[in-house]
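Student: Once you've had a glance at the structure underneath, I'll fire off some questions.
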There are 2 protein chains.
Amino acid sequence: MTGDSEFDRDSAVVRREPGVYDIDLSDGWTIFGAVNGGFLLAVLGRALADALPHPDPFTISAHYLTASRPGPAVVRTEAVRTGRTLSTGQASLFQYDDEGDEVERIRVLASYGDLATLPDDVRTTATPPAIPPLEQCFGPDDGPAPVDGGSAIADRLMIKLDPATLGWALGAPSGKGQMRAWFGLADGRDADPLSLLLAVDALPPTAFEIGLKGWVPTVELTVHVRHRPAPGPLRVSVTTRNLAGGFLEEDAEVWDSEDRLVAQSRQLARVRLG
Amino acid sequence: MTGDSEFDRDSAVVRREPGVYDIDLSDGWTIFGAVNGGFLLAVLGRALADALPHPDPFTISAHYLTASRPGPAVVRTEAVRTGRTLSTGQASLFQYDDEGDEVERIRVLASYGDLATLPDDVRTTATPPAIPPLEQCFGPDDGPAPVDGGSAIADRLMIKLDPATLGWALGAPSGKGQMRAWFGLADGRDADPLSLLLAVDALPPTAFEIGLKGWVPTVELTVHVRHRPAPGPLRVSVTTRNLAGGFLEEDAEVWDSEDRLVAQSRQLARVRLG
């Protein structure tokens, strides 16, 4: 189930007993010291894939409670309902306070199925985002750190941002709540349904292009995985239409190299002005 | 908390003990014998509003397990985390099988806050849907039943569909996955955050306008309530962009009479061809 990639190694969970999994969260997937929310979702997604009879998260909803830090954690799962084509499960990730008591970080509800069994019909009006070729897009290595290179996770991801959504890094945000990029894992591991859970929450916040700075913590993130991604880099497009009352939504789409819409997500995030 | 409206009366829950609520699900909110998923979400939302220290569902994620029928039900809630501005809770609705054992129908995770405390700033690029004036739109009473009049819930809702999304009822679906309507409660009760949970799941399925017939059961539905709605009818716009592998997403927006985007939702639904 896990290969020798950084992502597989670091998101692997060890079954302690049926439904309970241990993991030592690496410091390799952090942003400003907190473990990335999409990476955490992949950890929970992997535990549920083991605990449920179906392999793929068709829809997974996460509510973020407290920030996760590198170090030991335990994932507790519950099979809520097992059906022929869909199973529903719940999972929580806990860490430990100074007294060794469990503190819940994130709780998820998810419905799992088997993407390989779905019919191949597509009747979609969605079209892939217009992103320039990868070599015309920009990552942390391409000059004055457009993506913050201080975050450990930046070394593990291949993110090349569309120049049209890079104004924020040059002090000239477009004012539009859009962020688009080519996305992959830095070690070349191909995408799969679990890494899609990471892909939807890995770009810089759309708030930056609206002209805001500071932290945009996720309150809730729901991901629909719609198709198994083909090998090759992904295109990720994130859009915010409504920033109001100190909250905003981020809608992400992930497209694979065969022009399939492989994942859709929406999150509610809070704007903490820096 | 509840007035004398049909919606308030029928979605009211009775506290049996702390965190546990009873309700007798009315047959007035059914479609083809099953209780409407948005109405159920409002019932769970009401129970959580009582169980948590904050009044309003900022984001609520529901996974639907089995169809709910009119009759007795119990809602069991859990306060997962209580914070200063946000609280997170979980709730499940159960009914009873022939042996009297509880059968879970729907499970939700939700983060609650207080809409009244949010700053009034809005920086949005979203614009209200272009729906003709209410008197130019069509409901069940306006001719050859464009909305199925056989469903009990139709008598409790004021739904007037945009003629541009009514082709399906005349045998000529547009092929676009769009449905738009004016929406209210038939007895004139004004909208509030709980009735918004109903509004996002009350229109005919977008699949009808794509040319499909039959049942489109919800797998998962997440609603963000973004602002307390002003009095007056709401405008609801639902869009499907990706029908693939037998599943589709439905994205709904709800706008109030003051042109505020008051709710956003997304659901993953299954297409069961009729």
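We name chains A, B, ... following the order of the structure tokens; residues begin at 1 in each chain, and ligands are numbered from 1 as shown.
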Which residues of chain B sit at most 6 Å from chain A, using only C-alpha atoms? Give each one's shortest atom pair and distance in Å (one decimal place), in chain and ascending residue order, as a tab-separated table.
Tutor:
residue	atom	partner	partner_atom	distance
B:Leu118	CA	A:Gly245	CA	5.0
B:Pro119	CA	A:Gly245	CA	4.8
B:Asp120	CA	A:Gly245	CA	5.5
B:Asp121	CA	A:Gly245	CA	5.5
B:Val122	CA	A:Ala244	CA	4.2
B:Arg123	CA	A:Leu243	CA	5.2
B:Thr124	CA	A:Asn242	CA	4.4
B:Thr125	CA	A:Arg241	CA	5.1
B:Ala126	CA	A:Arg241	CA	5.1
B:Arg241	CA	A:Thr125	CA	5.1
B:Asn242	CA	A:Thr124	CA	4.4
B:Leu243	CA	A:Arg123	CA	5.2
B:Ala244	CA	A:Val122	CA	4.2
B:Gly245	CA	A:Pro119	CA	4.8
Student: Could you pull out the strand (DSSP E or B) residues of region 11-199 of chain B, going by DSSP on the backbone, and write them as a ChimeraX atom specification?
Tutor: /B:14-17,20-25,30-31,34-35,56-64,71-82,87-96,102-113,122-124,138,157-161,178-185
Student: Assign secondary structure with DSSP using the backbone only, and return the residues of region 75-261 of chain A in alpha helix (DSSP H) as a ChimeraX atom specification.
Tutor: /A:193-199,206-210
Student: Neighbouring residues of Leu41 (chain B) were defined as those with any atom within 7 Å, considering only C-alpha atoms; residues of the same chain fewer than 4 positions away were excluded. Please report them as a list of chain:residue names.
Tutor: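 The filter keeps B:Gly37, B:Gly45, B:Leu197.
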Student: For those residues, write C-alpha atoms to a file as an mmCIF file, in the first residue's frame.
Tutor:
data_model
loop_
_atom_site.group_PDB
_atom_site.id
_atom_site.type_symbol
_atom_site.label_atom_id
_atom_site.label_comp_id
_atom_site.auth_asym_id
_atom_site.auth_seq_id
_atom_site.Cartn_x
_atom_site.Cartn_y
_atom_site.Cartn_z
ATOM 1 C CA GLY B 37 -32.502 15.653 3.343
ATOM 2 C CA GLY B 45 -29.039 21.757 13.195
ATOM 3 C CA LEU B 197 -30.269 24.282 5.549
#
Student: Rank A:Glu99, A:Asp192, A:Asp155, A:Asp10 by their smallest atom-to-atom distance to Val225 (chain A), using only C-alpha atoms, and report the top residue only.
Tutor: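 Nearest candidate to Val225 (chain A) out of A:Glu99, A:Asp192, A:Asp155, A:Asp10: A:Asp192.
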Student: Given the choices B:Thr165, B:Val236, B:Leu157, B:Ser257, which gets closest to Arg189 (chain B) if the distance is worked out from only C-alpha atoms?
Tutor: B:Leu157
Student: Work out how far apart CA of Leu134 (chain A) and CA of Ser174 (chain A) are and give it in Å to one decimal.
Tutor: 20.9 Å
Student: So that I can see what lies close to Gly28 (chain B), please list as a list in words the residues with an atom at most 12 Å from it, counting only C-alpha atoms and leaving out residues fewer than 2 positions away in the same chain.
Tutor: Glu6, Phe7, Arg9, Asp10, Ser11, Asp24, Leu25, Ser26, Thr30, Ile31, Phe32, Gly33, Ala34, Val35, Asn36, Phe39, Arg69, Pro70, Gly71, Gly150, Ser151, Ala152, Ile153, Ala154, Asp155, Arg156 and Leu157 of chain B
Student: May I have the residues from that selection written out with N, CA and C atoms, as a compact mmCIF listing (two decimals), in the first residue's frame?
Tutor:
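Now in part-v4.txt:
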# COMPACT_ATOMS: atom_id res chain seq x y z
N GLU B 6 -45.17 26.14 10.25
CA GLU B 6 -45.10 24.70 9.99
C GLU B 6 -43.67 24.20 10.16
N PHE B 7 -42.73 24.98 9.65
CA PHE B 7 -41.32 24.56 9.72
C PHE B 7 -40.85 24.48 11.16
N ARG B 9 -42.66 24.20 13.93
CA ARG B 9 -43.40 23.16 14.65
C ARG B 9 -42.84 21.77 14.30
N ASP B 10 -42.62 21.53 13.01
CA ASP B 10 -42.25 20.17 12.59
C ASP B 10 -40.77 19.85 12.79
N SER B 11 -39.92 20.88 12.89
CA SER B 11 -38.49 20.60 13.10
C SER B 11 -38.10 20.74 14.58
N ASP B 24 -40.88 13.52 16.42
CA ASP B 24 -41.73 12.65 15.60
C ASP B 24 -41.74 13.26 14.21
N LEU B 25 -41.00 12.66 13.28
CA LEU B 25 -40.86 13.25 11.94
C LEU B 25 -42.20 13.24 11.22
N SER B 26 -42.65 14.42 10.85
CA SER B 26 -43.93 14.59 10.16
C SER B 26 -43.85 14.02 8.75
N THR B 30 -41.91 15.10 3.07
CA THR B 30 -41.39 13.93 2.35
C THR B 30 -41.42 14.14 0.84
N ILE B 31 -40.52 13.42 0.20
CA ILE B 31 -40.51 13.30 -1.26
C ILE B 31 -40.49 11.81 -1.56
N PHE B 32 -41.51 11.34 -2.26
CA PHE B 32 -41.63 9.90 -2.53
C PHE B 32 -41.47 9.08 -1.24
N GLY B 33 -42.04 9.55 -0.15
CA GLY B 33 -42.07 8.77 1.09
C GLY B 33 -40.87 8.95 2.00
N ALA B 34 -39.77 9.52 1.50
CA ALA B 34 -38.58 9.74 2.34
C ALA B 34 -38.55 11.19 2.80
N VAL B 35 -38.11 11.41 4.04
CA VAL B 35 -38.04 12.77 4.55
C VAL B 35 -36.91 13.51 3.81
N ASN B 36 -37.19 14.72 3.38
CA ASN B 36 -36.22 15.53 2.62
C ASN B 36 -34.92 15.72 3.40
N PHE B 39 -34.44 19.14 5.12
CA PHE B 39 -35.27 19.27 6.32
C PHE B 39 -34.62 18.51 7.49
N ARG B 69 -37.84 7.97 7.37
CA ARG B 69 -39.28 7.85 7.12
C ARG B 69 -40.04 8.66 8.16
N PRO B 70 -41.25 9.08 7.89
CA PRO B 70 -42.04 9.73 8.93
C PRO B 70 -42.17 8.82 10.14
N GLY B 71 -42.17 9.43 11.34
CA GLY B 71 -42.29 8.64 12.56
C GLY B 71 -41.26 9.04 13.59
N GLY B 150 -46.94 15.68 -6.32
CA GLY B 150 -47.25 14.49 -5.53
C GLY B 150 -46.45 14.43 -4.25
N SER B 151 -45.42 15.24 -4.12
CA SER B 151 -44.61 15.22 -2.91
C SER B 151 -45.22 16.13 -1.86
N ALA B 152 -45.32 15.61 -0.63
CA ALA B 152 -45.95 16.37 0.45
C ALA B 152 -45.22 17.68 0.68
N ILE B 153 -43.90 17.69 0.55
CA ILE B 153 -43.12 18.88 0.86
C ILE B 153 -43.49 20.05 -0.05
N ALA B 154 -43.99 19.74 -1.25
CA ALA B 154 -44.34 20.81 -2.20
C ALA B 154 -45.39 21.76 -1.61
N ASP B 155 -46.26 21.24 -0.74
CA ASP B 155 -47.30 22.09 -0.13
C ASP B 155 -46.74 23.03 0.93
N ARG B 156 -45.54 22.75 1.41
CA ARG B 156 -44.98 23.56 2.50
C ARG B 156 -43.93 24.56 2.02
N LEU B 157 -43.60 24.47 0.74
CA LEU B 157 -42.58 25.36 0.20
C LEU B 157 -43.18 26.28 -0.86
Student: For Met179 (chain A), please output as a PyMOL selection string all residues within 6 Å (counting only C-alpha atoms; exclusion window: fewer than 3 positions along the same chain).
Tutor: chain A and resi 165+206+237-238
